[in-house]
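*Asks:* My structure file start_9.cif, mmCIF, C-alpha atoms, is below:
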```
data_target
#
loop_
_atom_site.label_atom_id
_atom_site.label_comp_id
_atom_site.auth_asym_id
_atom_site.auth_seq_id
_atom_site.Cartn_x
_atom_site.Cartn_y
_atom_site.Cartn_z
CA MET A 39 91.89 111.68 66.07
CA SER A 40 94.60 112.89 68.34
CA ARG A 41 93.91 116.58 68.79
CA ALA A 42 90.65 117.95 70.14
CA GLU A 43 88.31 119.35 67.56
CA ILE A 44 85.97 122.25 68.25
CA PHE A 45 82.52 121.76 66.75
CA ASP A 46 79.92 124.39 65.91
CA SER A 47 76.90 122.22 66.61
CA VAL A 48 75.90 119.55 69.07
CA ASP A 49 74.62 117.33 66.27
CA GLU A 50 78.03 117.29 64.61
CA ALA A 51 79.73 116.71 67.95
CA VAL A 52 77.73 113.53 68.66
CA SER A 53 77.76 112.17 65.10
CA GLY A 54 78.90 108.61 64.50
CA ILE A 55 77.92 107.09 67.84
CA GLU A 56 77.10 103.51 66.91
CA ASP A 57 74.30 101.21 67.98
CA GLY A 58 75.39 98.99 70.85
CA SER A 59 77.95 101.49 72.18
CA THR A 60 78.90 101.83 75.82
CA VAL A 61 78.37 105.50 76.66
CA LEU A 62 79.77 107.05 79.85
CA VAL A 63 77.53 109.93 80.89
CA GLY A 64 78.83 112.49 83.40
CA GLY A 65 76.80 114.13 86.12
CA PHE A 66 75.62 113.55 89.65
CA GLY A 67 71.91 114.12 89.46
CA PHE A 68 71.70 117.27 87.35
CA ALA A 69 75.06 118.74 88.40
CA GLY A 70 77.44 118.21 85.51
CA MET A 71 74.91 116.42 83.36
CA PRO A 72 75.65 117.00 79.64
CA PHE A 73 72.04 117.83 78.75
CA ASP A 74 72.75 119.13 75.25
CA LEU A 75 74.91 116.19 74.23
CA ILE A 76 72.26 113.77 75.47
CA ASP A 77 69.59 115.63 73.51
CA GLY A 78 71.92 115.37 70.51
CA LEU A 79 72.24 111.62 71.06
CA ILE A 80 68.45 111.34 71.15
CA ARG A 81 68.23 113.11 67.77
CA GLN A 82 71.13 111.03 66.44
CA GLY A 83 69.20 107.90 67.39
CA ALA A 84 71.87 105.31 68.30
CA LYS A 85 70.16 102.33 69.93
CA ASP A 86 70.89 99.34 72.13
CA LEU A 87 73.19 101.48 74.27
CA THR A 88 74.84 100.61 77.57
CA ILE A 89 74.87 103.70 79.77
CA VAL A 90 77.34 104.14 82.61
CA SER A 91 76.37 106.98 84.94
CA ASN A 92 75.92 107.55 88.64
CA ASN A 93 72.15 107.76 88.44
CA ALA A 94 69.54 106.47 86.03
CA GLY A 95 67.89 109.77 85.21
CA ASN A 96 65.91 112.41 87.04
CA GLY A 97 62.56 113.82 85.96
CA ASP A 98 61.94 113.82 82.20
CA VAL A 99 65.12 115.51 80.97
CA GLY A 100 68.72 114.53 80.28
CA LEU A 101 69.43 110.86 80.89
CA ALA A 102 65.77 110.21 81.70
CA ALA A 103 64.80 111.49 78.22
CA LEU A 104 67.34 109.15 76.61
CA LEU A 105 65.89 106.20 78.52
CA LYS A 106 62.37 107.28 77.57
CA ALA A 107 63.40 107.36 73.90
CA GLY A 108 64.04 103.60 74.14
CA GLN A 109 67.69 103.82 73.13
CA VAL A 110 69.13 102.16 76.22
CA ARG A 111 69.38 98.41 76.81
CA ARG A 112 71.45 98.39 79.96
CA VAL A 113 72.44 100.77 82.75
CA LEU A 114 75.44 100.53 85.08
CA CYS A 115 74.99 102.92 87.96
CA SER A 116 75.28 103.25 91.71
CA PHE A 117 71.99 104.89 92.59
CA PRO A 118 69.08 104.37 90.19
CA ARG A 119 66.24 104.71 92.65
CA GLN A 120 65.42 108.30 93.53
CA SER A 121 62.30 110.30 94.21
CA ASP A 122 62.16 111.45 90.58
CA SER A 123 63.56 108.42 88.72
CA TYR A 124 60.11 107.36 87.51
CA VAL A 125 61.17 106.93 83.86
CA PHE A 126 63.82 104.37 84.82
CA ASP A 127 61.62 102.74 87.46
CA GLU A 128 58.86 102.03 84.94
CA LEU A 129 61.24 100.63 82.30
CA TYR A 130 62.98 98.46 84.88
CA ARG A 131 59.77 97.07 86.33
CA ALA A 132 58.51 96.34 82.82
CA GLY A 133 61.70 94.37 82.13
CA LYS A 134 62.66 96.74 79.33
CA ILE A 135 66.03 97.74 80.74
CA GLU A 136 68.84 95.83 82.47
CA LEU A 137 70.47 97.19 85.61
CA GLU A 138 73.86 96.52 87.14
CA VAL A 139 74.25 98.26 90.49
CA VAL A 140 77.87 99.21 91.16
CA PRO A 141 79.08 100.81 94.40
CA GLN A 142 79.87 104.42 93.61
CA GLY A 143 83.55 104.14 94.47
CA ASN A 144 83.93 101.09 92.24
CA LEU A 145 82.11 102.87 89.43
CA ALA A 146 84.62 105.72 89.59
CA GLU A 147 87.69 103.56 90.18
CA ARG A 148 86.80 101.02 87.48
CA MET A 149 86.64 103.86 84.96
CA ARG A 150 89.85 105.32 86.35
CA ALA A 151 91.48 101.92 85.85
CA ALA A 152 90.24 101.80 82.26
CA GLY A 153 91.74 105.21 81.60
CA ALA A 154 95.01 104.40 83.33
CA GLY A 155 95.70 101.05 81.70
CA ILE A 156 95.15 99.07 84.91
CA GLY A 157 94.01 95.53 84.08
CA ALA A 158 92.02 95.06 87.30
CA PHE A 159 92.32 95.92 90.99
CA TYR A 160 91.45 94.49 94.39
CA CYS A 161 89.26 96.45 96.81
CA PRO A 162 87.39 95.57 100.02
CA THR A 163 84.20 97.44 99.05
CA ALA A 164 81.14 95.13 99.01
CA VAL A 165 82.85 92.12 100.62
CA GLY A 166 80.19 89.96 102.26
CA THR A 167 77.34 91.66 100.39
CA PRO A 168 75.15 90.45 97.52
CA LEU A 169 77.24 92.60 95.14
CA ALA A 170 80.25 90.35 95.83
CA GLU A 171 78.59 87.31 94.30
CA GLY A 172 80.70 85.65 91.63
CA LYS A 173 83.70 87.92 92.22
CA GLU A 174 87.19 86.59 92.73
CA THR A 175 88.53 87.28 96.22
CA ARG A 176 91.98 87.61 97.67
CA THR A 177 93.12 88.27 101.21
CA ILE A 178 95.67 91.07 101.35
CA ASP A 179 97.17 92.16 104.69
CA GLY A 180 94.55 90.04 106.44
CA ARG A 181 91.62 91.73 104.74
CA VAL A 182 89.39 90.20 102.07
CA HIS A 183 89.35 92.10 98.77
CA LEU A 184 87.29 91.67 95.59
CA LEU A 185 88.73 91.72 92.09
CA GLU A 186 87.22 94.56 90.06
CA PHE A 187 87.61 95.04 86.33
CA PRO A 188 87.82 98.29 84.35
CA ILE A 189 84.80 99.90 82.73
CA LYS A 190 85.79 101.24 79.34
CA GLY A 191 83.55 103.43 77.22
CA ASP A 192 83.23 103.71 73.47
CA VAL A 193 82.09 107.27 74.06
CA ALA A 194 82.04 109.66 77.02
CA LEU A 195 79.55 112.52 77.10
CA ILE A 196 80.56 115.07 79.71
CA ALA A 197 80.02 118.70 80.65
CA ALA A 198 82.80 121.08 81.68
CA HIS A 199 82.80 124.78 82.41
CA ARG A 200 85.42 126.01 80.01
CA ALA A 201 87.69 124.56 77.33
CA ASP A 202 90.55 126.01 75.35
CA ARG A 203 91.10 125.09 71.73
CA MET A 204 93.53 122.33 72.75
CA GLY A 205 90.67 120.64 74.64
CA ASN A 206 92.06 121.42 78.10
CA LEU A 207 89.15 121.58 80.54
CA VAL A 208 88.23 123.28 83.78
CA TYR A 209 85.08 122.54 85.74
CA ARG A 210 82.83 124.34 88.21
CA LYS A 211 82.33 123.18 91.79
CA THR A 212 80.68 119.77 92.28
CA ALA A 213 79.64 119.65 88.62
CA ARG A 214 83.10 118.12 88.08
CA ASN A 215 82.18 114.77 89.70
CA PHE A 216 82.72 111.86 87.26
CA ALA A 217 83.72 113.90 84.19
CA PRO A 218 87.53 113.90 84.54
CA VAL A 219 87.53 110.13 85.10
CA MET A 220 85.15 109.42 82.23
CA ALA A 221 87.22 111.62 79.91
CA THR A 222 90.14 109.22 80.36
CA ALA A 223 88.10 106.03 80.05
CA ALA A 224 86.43 106.39 76.65
CA ALA A 225 87.72 105.91 73.12
CA THR A 226 85.99 109.14 72.11
CA THR A 227 85.36 111.88 74.67
CA ILE A 228 82.81 114.53 73.74
CA VAL A 229 82.50 117.62 75.92
CA GLN A 230 79.96 120.39 76.15
CA VAL A 231 81.20 123.62 77.70
CA ALA A 232 79.79 127.01 78.53
CA GLU A 233 82.78 128.74 76.97
CA VAL A 234 85.64 128.02 74.58
CA VAL A 235 88.65 130.26 75.12
CA ALA A 236 91.82 130.76 73.11
CA THR A 237 94.75 128.43 73.64
CA GLY A 238 96.86 129.95 76.38
CA ASP A 239 93.92 131.56 78.16
CA LEU A 240 93.51 128.77 80.73
CA ASP A 241 95.94 128.75 83.63
CA PRO A 242 97.95 125.55 83.06
CA GLU A 243 98.04 125.02 86.86
CA ALA A 244 94.25 125.05 86.97
CA VAL A 245 93.59 122.63 84.10
CA VAL A 246 91.82 119.55 85.48
CA THR A 247 91.45 117.48 82.33
CA PRO A 248 94.37 117.83 79.93
CA GLY A 249 93.36 118.00 76.28
CA ILE A 250 94.94 114.63 75.48
CA HIS A 251 91.77 113.05 76.89
CA VAL A 252 89.38 115.20 74.86
CA ASP A 253 88.30 114.53 71.29
CA ARG A 254 85.37 116.83 70.57
CA VAL A 255 84.23 120.08 72.17
CA VAL A 256 81.07 122.06 71.56
CA ARG A 257 79.94 125.27 73.25
CA VAL A 258 76.35 125.33 74.42
CA ASP A 259 74.16 127.98 76.00
CA GLU A 260 73.74 127.76 79.74
CA ARG A 261 70.52 126.08 80.62
CA GLN A 262 68.24 126.87 83.49
CA TYR A 263 66.75 123.99 85.37
CA THR A 264 65.18 123.45 88.70
CA VAL A 265 67.59 122.01 91.19
CA GLN A 266 66.28 118.98 92.93
CA GLY A 267 65.80 119.70 96.61
CA ALA A 268 66.17 123.49 96.17
CA ARG A 269 64.27 125.48 98.70
CA MET B 296 71.51 104.40 137.62
CA SER B 297 69.37 107.42 137.05
CA VAL B 298 66.86 107.49 134.26
CA THR B 299 66.75 110.52 132.02
CA THR B 300 64.12 111.59 129.57
CA GLY B 301 63.71 109.77 126.33
CA PRO B 302 63.26 108.86 123.61
CA LEU B 303 65.28 111.56 121.88
CA THR B 304 63.89 113.53 118.95
CA PRO B 305 65.90 113.28 115.70
CA ASP B 306 67.43 116.69 116.43
CA GLU B 307 68.36 115.75 119.99
CA LEU B 308 69.97 112.60 118.64
CA ALA B 309 71.85 114.60 116.00
CA ALA B 310 73.20 116.79 118.82
CA VAL B 311 74.43 113.70 120.70
CA VAL B 312 76.28 112.47 117.59
CA ALA B 313 77.74 115.93 116.99
CA ARG B 314 78.99 116.05 120.59
CA ASP B 315 80.97 112.82 120.02
CA ILE B 316 82.73 113.90 116.83
CA PRO B 317 86.27 114.94 117.76
CA ALA B 318 87.24 118.52 116.89
CA GLY B 319 89.11 118.79 113.63
CA SER B 320 87.78 115.52 112.18
CA TYR B 321 87.12 114.91 108.51
CA VAL B 322 83.55 113.66 108.43
CA ASN B 323 81.07 112.35 105.87
CA LEU B 324 77.40 112.61 106.81
CA GLY B 325 75.05 110.26 104.98
CA ILE B 326 71.91 111.30 103.17
CA GLY B 327 68.82 111.92 105.31
CA ARG B 328 68.89 112.01 109.09
CA PRO B 329 72.72 112.06 109.48
CA THR B 330 72.81 115.32 107.49
CA ARG B 331 71.25 117.01 110.54
CA VAL B 332 74.39 116.38 112.59
CA ALA B 333 75.99 119.32 110.75
CA ASP B 334 73.51 121.70 112.38
CA HIS B 335 74.72 120.72 115.84
CA LEU B 336 78.49 120.88 115.43
CA PRO B 337 79.76 123.57 117.80
CA ASP B 338 81.23 126.74 116.31
CA GLY B 339 84.96 126.42 116.06
CA SER B 340 84.88 122.61 116.07
CA GLY B 341 87.05 122.65 112.97
CA VAL B 342 85.15 119.64 111.64
CA VAL B 343 85.54 119.45 107.85
CA LEU B 344 82.61 117.92 106.01
CA HIS B 345 83.27 115.70 103.01
CA THR B 346 80.65 115.12 100.38
CA GLU B 347 81.30 112.18 98.10
CA ASN B 348 80.34 114.08 94.97
CA GLY B 349 83.66 115.84 95.25
CA MET B 350 84.10 118.47 97.93
CA LEU B 351 85.73 119.10 101.30
CA ASN B 352 84.63 121.83 103.72
CA MET B 353 81.07 121.85 102.54
CA GLY B 354 78.88 124.54 104.11
CA PRO B 355 75.21 124.61 105.06
CA ALA B 356 72.32 124.19 102.62
CA ALA B 357 71.96 127.04 100.15
CA THR B 358 68.83 129.14 100.03
CA GLY B 359 67.51 131.83 97.70
CA ASP B 360 70.14 133.48 95.54
CA ASP B 361 72.88 131.23 96.94
CA VAL B 362 71.42 128.21 95.15
CA ASP B 363 73.91 127.14 92.48
CA PRO B 364 73.04 124.10 90.33
CA ASP B 365 76.75 123.26 90.15
CA LEU B 366 77.07 122.98 93.93
CA THR B 367 75.11 120.20 95.62
CA ASN B 368 75.63 117.63 98.33
CA ALA B 369 75.38 113.85 97.99
CA GLY B 370 71.60 114.11 98.44
CA LYS B 371 71.61 116.51 95.45
CA VAL B 372 70.49 119.36 97.69
CA PRO B 373 72.08 122.75 96.92
CA VAL B 374 74.75 123.62 99.47
CA THR B 375 77.41 126.28 100.04
CA GLU B 376 81.19 126.25 100.33
CA LEU B 377 83.19 127.38 103.35
CA PRO B 378 86.58 129.12 103.19
CA GLY B 379 89.20 126.47 102.58
CA ALA B 380 86.87 124.29 100.52
CA SER B 381 88.29 122.13 97.76
CA TYR B 382 86.82 120.27 94.81
CA PHE B 383 88.00 117.01 93.29
CA HIS B 384 86.71 114.32 90.96
CA HIS B 385 84.84 111.20 91.97
CA ALA B 386 87.74 108.76 91.92
CA ASP B 387 89.75 111.05 94.21
CA SER B 388 86.72 111.53 96.43
CA PHE B 389 86.28 107.80 96.91
CA ALA B 390 90.01 107.31 97.33
CA MET B 391 89.67 109.58 100.38
CA MET B 392 87.12 107.14 101.77
CA ARG B 393 88.55 103.85 100.64
CA GLY B 394 92.09 104.91 101.49
CA GLY B 395 91.11 105.39 105.13
CA HIS B 396 91.52 109.17 105.23
CA LEU B 397 88.09 110.05 106.62
CA ASP B 398 87.86 110.01 110.40
CA VAL B 399 84.14 109.45 110.82
CA CYS B 400 81.14 108.72 108.68
CA VAL B 401 77.57 108.74 109.94
CA LEU B 402 75.07 106.54 108.14
CA GLY B 403 71.46 105.51 108.51
CA ALA B 404 70.58 101.82 108.76
CA PHE B 405 67.79 99.26 108.48
CA GLN B 406 69.70 96.88 110.74
CA VAL B 407 73.02 96.63 112.56
CA SER B 408 74.33 93.42 114.09
CA ALA B 409 75.98 93.19 117.50
CA THR B 410 79.28 92.53 115.72
CA GLY B 411 78.96 95.64 113.56
CA ASP B 412 77.54 94.29 110.31
CA LEU B 413 75.53 96.95 108.49
CA ALA B 414 72.40 96.63 106.34
CA ASN B 415 71.28 99.95 104.95
CA TRP B 416 70.82 99.76 101.18
CA SER B 417 68.17 97.22 100.35
CA THR B 418 65.32 95.48 102.10
CA GLY B 419 65.55 92.74 99.49
CA ALA B 420 61.80 93.09 98.94
CA PRO B 421 60.51 91.70 95.63
CA GLY B 422 60.18 94.47 93.03
CA ALA B 423 62.38 96.86 95.00
CA ILE B 424 64.96 98.63 92.86
CA PRO B 425 68.38 98.28 94.47
CA ALA B 426 70.44 101.46 94.92
CA VAL B 427 73.67 101.42 96.87
CA GLY B 428 75.31 104.76 96.09
CA GLY B 429 78.46 105.24 98.14
CA ALA B 430 77.31 103.36 101.25
CA MET B 431 79.47 100.26 100.73
CA ASP B 432 82.56 102.39 100.13
CA LEU B 433 81.92 104.54 103.20
CA ALA B 434 81.23 101.49 105.33
CA ILE B 435 84.60 99.89 104.67
CA GLY B 436 86.63 103.06 104.30
CA ALA B 437 86.00 105.49 107.13
CA LYS B 438 88.08 104.99 110.29
CA GLN B 439 84.92 105.02 112.39
CA VAL B 440 81.42 104.29 111.16
CA PHE B 441 78.59 105.63 113.31
CA VAL B 442 75.02 104.61 112.61
CA MET B 443 72.05 106.82 113.46
CA MET B 444 68.68 105.12 113.62
CA THR B 445 65.63 104.51 115.76
CA LEU B 446 66.26 101.42 117.89
CA PHE B 447 62.93 99.86 116.91
CA ASP B 448 61.19 99.74 113.55
CA LYS B 449 57.55 100.68 112.98
CA GLU B 450 56.43 97.18 113.94
CA GLY B 451 58.42 97.38 117.18
CA ALA B 452 61.17 95.01 116.07
CA SER B 453 64.71 95.77 117.21
CA LYS B 454 67.02 97.07 114.49
CA LEU B 455 69.99 95.95 116.58
CA VAL B 456 70.08 92.24 115.83
CA PRO B 457 72.24 89.14 116.38
CA ALA B 458 72.64 88.86 112.58
CA CYS B 459 71.20 91.08 109.84
CA THR B 460 68.37 89.58 107.82
CA TYR B 461 68.47 92.32 105.18
CA PRO B 462 71.19 92.29 102.50
CA LEU B 463 74.48 93.53 103.95
CA THR B 464 76.23 96.79 103.12
CA GLY B 465 79.40 95.81 104.96
CA VAL B 466 80.73 93.25 107.43
CA GLY B 467 81.94 94.26 110.90
CA CYS B 468 82.22 97.89 109.83
CA VAL B 469 80.04 99.75 112.35
CA SER B 470 81.67 100.90 115.57
CA ARG B 471 78.78 102.65 117.31
CA VAL B 472 75.01 102.91 117.00
CA TYR B 473 73.21 106.11 118.03
CA THR B 474 69.52 105.54 118.65
CA ASP B 475 66.65 107.44 120.20
CA ILE B 476 66.91 105.51 123.48
CA ALA B 477 70.52 104.34 123.73
CA VAL B 478 74.03 104.67 122.36
CA ILE B 479 75.54 101.24 121.89
CA ASP B 480 79.05 100.23 120.86
CA VAL B 481 79.18 97.20 118.55
CA GLY B 482 82.05 95.10 117.29
CA PRO B 483 83.98 91.86 117.72
CA ASP B 484 83.21 91.85 121.47
CA GLY B 485 79.48 92.29 120.94
CA ALA B 486 77.16 95.10 122.01
CA SER B 487 77.94 97.39 124.92
CA VAL B 488 75.61 100.12 126.13
CA ARG B 489 77.35 103.49 126.52
CA GLU B 490 74.43 105.75 127.25
CA THR B 491 70.68 105.49 127.75
CA PHE B 492 67.84 107.95 127.31
CA GLY B 493 64.78 107.26 129.43
CA VAL B 494 65.38 103.54 129.92
CA THR B 495 67.61 101.37 132.07
CA VAL B 496 70.09 98.86 130.71
CA ASP B 497 68.01 96.08 132.23
CA GLU B 498 64.92 97.33 130.40
CA LEU B 499 66.96 97.33 127.18
CA ARG B 500 68.09 93.77 127.90
CA ASP B 501 64.43 92.74 128.12
CA ARG B 502 63.60 94.32 124.77
CA LEU B 503 66.66 93.60 122.62
CA PRO B 504 67.51 90.22 121.04
CA VAL B 505 71.25 90.60 121.70
CA PRO B 506 73.31 90.29 124.91
CA LEU B 507 74.25 93.74 126.23
CA GLN B 508 77.29 94.66 128.27
CA ASP B 509 76.83 97.66 130.53
CA ALA B 510 79.35 100.45 130.12
CA SER B 511 76.71 103.07 130.52
CA THR B 512 76.42 106.48 131.92
CA PRO B 513 73.00 108.09 131.98
CA GLY B 514 72.62 110.51 129.12
CA GLY B 515 70.10 113.19 128.36
#
```
Written as structure tokens, that's how I'd like the structure from this file.

*Replies:*
Amino acid sequence: MSRAEIFDSVDEAVSGIEDGSTVLVGGFGFAGMPFDLIDGLIRQGAKDLTIVSNNAGNGDVGLAALLKAGQVRRVLCSFPRQSDSYVFDELYRAGKIELEVVPQGNLAERMRAAGAGIGAFYCPTAVGTPLAEGKETRTIDGRVHLLEFPIKGDVALIAAHRADRMGNLVYRKTARNFAPVMATAAATTIVQVAEVVATGDLDPEAVVTPGIHVDRVVRVDERQYTVQGAR
Amino acid sequence: MSVTTGPLTPDELAAVVARDIPAGSYVNLGIGRPTRVADHLPDGSGVVLHTENGMLNMGPAATGDDVDPDLTNAGKVPVTELPGASYFHHADSFAMMRGGHLDVCVLGAFQVSATGDLANWSTGAPGAIPAVGGAMDLAIGAKQVFVMMTLFDKEGASKLVPACTYPLTGVGCVSRVYTDIAVIDVGPDGASVRETFGVTVDELRDRLPVPLQDASTPGG
């Protein structure tokens, strides 16, 4: 589909996600995590998924709940191990889930490349480290670089603050994180928002993700959750 | 040379790091101990803090009603925004690092080599779950990489080493190591003591497995 569609229910918005899909999941910890879309994906039941996200779940909700439901075969992320990543930790130690650790900047830039039609790029991150193993190198301006390939998603599940009916998106504070990049990098981008406004009601200068990158939008109620580290 | 009191407490060390950050710098403070440096930056320093999850001019930790789940730092702790703050997505945030736009980053470490290699993401222990986050990007991207750590581990082994035995985060990327008993420059020319806290350079030479040049002034 070319134009964004506004859905009335989360279940409709996540319909059709196929087994074996690569799913880009927004969020940095809980900030910007598309909780409702993930819950929808759990109900929808697609299996054998590859998840690309910064973390590998916190507590028992969101991404952790999807992992717990046994729907994920492989995770690409930068920072799986956290104080409350026990769901992932147990699956990983039991050999039930594969992990590819990707430096956070490469995770973001590889998705940006996918969304921008860049075939691959060279970057000095991780040179001389175990994460460089097997990667093609090239010396540019006297500095060793590694060849990094795009990460493309079949689906992106992201959260934004507000959408208009064209699918233009604005975000709130650091909840933006990976979402604008993931929106460009997936064949189908599905967005949950706190509010859908009429076309023309978003300041065009303030739009962060233009609607061309957005396929499906669903409004969800704001959810209260305990912020990790809050005091 | 005179001997001053040491070792430094983590807060005293954070104050020493803060003192050395030039006014007006763009700075990223790593998760954990480096975060404390923010508490010691002098008023009016004009230092702008970057957090890799997409913000410049981050303010102090949020408490009470100021806690906003949409506003956290890289350690996922709720924080505040200062006037002049800006938000941006992750690829832009890491372009700031990798493009060489950040003046200083301060990271923790398991080991640093005399030539500036950094090991701070994995002990390589069997069964350990690797997690690198943004450390490798910060290590190669910031103009200056400062490390904050205790000089000796719990078993008394030096964390400043001829060559790191833990998996590397970056090669030749660290410029200076701030520890509880000494500040030591590292790099292509090896290790050079800038400042000591409660020890002499000769005492350090006896305890450290790397040759030390002496460019020290007594600190404290």

*Asks:* On this file, the PyMOL selection byres ((chain B) within 8 of (chain A)) gives some set of residues; write that set as a PDB file with C-alpha atoms, keeping the file's coordinate frame.

*Replies:*
```pdb
ATOM      1  CA  ASN B 348      80.340 114.080  94.970  1.00  0.00           C
ATOM      2  CA  GLY B 349      83.660 115.840  95.250  1.00  0.00           C
ATOM      3  CA  MET B 350      84.100 118.470  97.930  1.00  0.00           C
ATOM      4  CA  ALA B 357      71.960 127.040 100.150  1.00  0.00           C
ATOM      5  CA  THR B 358      68.830 129.140 100.030  1.00  0.00           C
ATOM      6  CA  GLY B 359      67.510 131.830  97.700  1.00  0.00           C
ATOM      7  CA  VAL B 362      71.420 128.210  95.150  1.00  0.00           C
ATOM      8  CA  PRO B 364      73.040 124.100  90.330  1.00  0.00           C
ATOM      9  CA  ASP B 365      76.750 123.260  90.150  1.00  0.00           C
ATOM     10  CA  LEU B 366      77.070 122.980  93.930  1.00  0.00           C
ATOM     11  CA  THR B 367      75.110 120.200  95.620  1.00  0.00           C
ATOM     12  CA  LYS B 371      71.610 116.510  95.450  1.00  0.00           C
ATOM     13  CA  VAL B 372      70.490 119.360  97.690  1.00  0.00           C
ATOM     14  CA  PRO B 373      72.080 122.750  96.920  1.00  0.00           C
ATOM     15  CA  TYR B 382      86.820 120.270  94.810  1.00  0.00           C
ATOM     16  CA  PHE B 383      88.000 117.010  93.290  1.00  0.00           C
ATOM     17  CA  HIS B 384      86.710 114.320  90.960  1.00  0.00           C
ATOM     18  CA  HIS B 385      84.840 111.200  91.970  1.00  0.00           C
ATOM     19  CA  ALA B 386      87.740 108.760  91.920  1.00  0.00           C
ATOM     20  CA  PHE B 389      86.280 107.800  96.910  1.00  0.00           C
ATOM     21  CA  ALA B 390      90.010 107.310  97.330  1.00  0.00           C
ATOM     22  CA  ARG B 393      88.550 103.850 100.640  1.00  0.00           C
ATOM     23  CA  GLY B 422      60.180  94.470  93.030  1.00  0.00           C
ATOM     24  CA  ILE B 424      64.960  98.630  92.860  1.00  0.00           C
ATOM     25  CA  PRO B 425      68.380  98.280  94.470  1.00  0.00           C
ATOM     26  CA  ALA B 426      70.440 101.460  94.920  1.00  0.00           C
ATOM     27  CA  VAL B 427      73.670 101.420  96.870  1.00  0.00           C
ATOM     28  CA  GLY B 428      75.310 104.760  96.090  1.00  0.00           C
ATOM     29  CA  GLY B 429      78.460 105.240  98.140  1.00  0.00           C
ATOM     30  CA  ALA B 430      77.310 103.360 101.250  1.00  0.00           C
ATOM     31  CA  MET B 431      79.470 100.260 100.730  1.00  0.00           C
ATOM     32  CA  ASP B 432      82.560 102.390 100.130  1.00  0.00           C
ATOM     33  CA  ILE B 435      84.600  99.890 104.670  1.00  0.00           C
ATOM     34  CA  PRO B 462      71.190  92.290 102.500  1.00  0.00           C
ATOM     35  CA  LEU B 463      74.480  93.530 103.950  1.00  0.00           C
ATOM     36  CA  THR B 464      76.230  96.790 103.120  1.00  0.00           C
ATOM     37  CA  GLY B 465      79.400  95.810 104.960  1.00  0.00           C
ATOM     38  CA  VAL B 466      80.730  93.250 107.430  1.00  0.00           C
TER      39      VAL B 466
END
```

*Asks:* Report as a PyMOL selection string the residues that result from applying the PyMOL selection byres ((chain A and resi 50-55) around 12) to the structure here.

*Replies:* chain A and resi 42-49+56-61+72+74-87+109+191-196+225-230+252-258

*Asks:* Applied to this file, what does the PyMOL selection byres ((chain B and resi 346) around 9) return in terms of residues, put as a list of chain:residue names?

*Replies:* B:Val322, B:Asn323, B:Leu324, B:Gly325, B:Leu344, B:His345, B:Glu347, B:Asn348, B:Gly349, B:Met350, B:Leu351, B:Asn352, B:Met353, B:Thr367, B:Asn368, B:Ala369, B:Ser388

*Asks:* B:Asp509, B:Asp412, B:Asp497, B:Asp334: which is nearest Pro305 in chain B, counting only C-alpha atoms?

*Replies:*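 When distances to Pro305 in chain B are compared using only C-alpha atoms, the smallest one comes from B:Asp334.
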
*Asks:* For CA of Gly339 in chain B and CA of Ala313 in chain B, determine how far apart the two atoms are, in Å to one decimal place.

*Replies:*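 We find that CA of Gly339 in chain B and CA of Ala313 in chain B lie 12.8 Å from each other.
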
*Asks:* Go ahead and compute the interatomic distance for CA of Val478 in chain B and CA of Ala409 in chain B, in Å to one decimal.

*Replies:* 12.6 Å

*Asks:* Quick check, in Å to one decimal: how far apart do CA of Gly485 in chain B and CA of Leu507 in chain B lie?

*Replies:*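 Answer for the CA of Gly485 in chain B to CA of Leu507 in chain B separation: 7.6 Å.
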
*Asks:* Using only C-alpha atoms, which of B:Ala423, B:Ala380, B:Ala486, B:Val442 sits nearest Thr410 in chain B?

*Replies:*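 Distance minimum relative to Thr410 in chain B lands on B:Ala486.
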
*Asks:* List the neighbours of Val456 in chain B out to 8 Å using all atoms listed in the file; skip same-chain residues closer than 6 positions along the sequence, and give me the result as JSON, numbers by chain.

*Replies:* {"B": [406, 407, 408, 409, 503, 504, 505]}

*Asks:* Using all atoms listed in the file, can you tell me which of A:Gly249, A:Gly172, A:Pro242, A:Pro188 comes closest to Ala152 in chain A?

*Replies:*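 Selected residue with least distance to Ala152 in chain A: A:Pro188.
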
*Asks:* Hey, can you pull every residue with an atom no more than 10 Å from (85.4, 111.1, 112.8), using only C-alpha atoms, and send it as an MDAnalysis selection string?

*Replies:* chainID B and resid 313 315:323 342:343 396:401 437:441
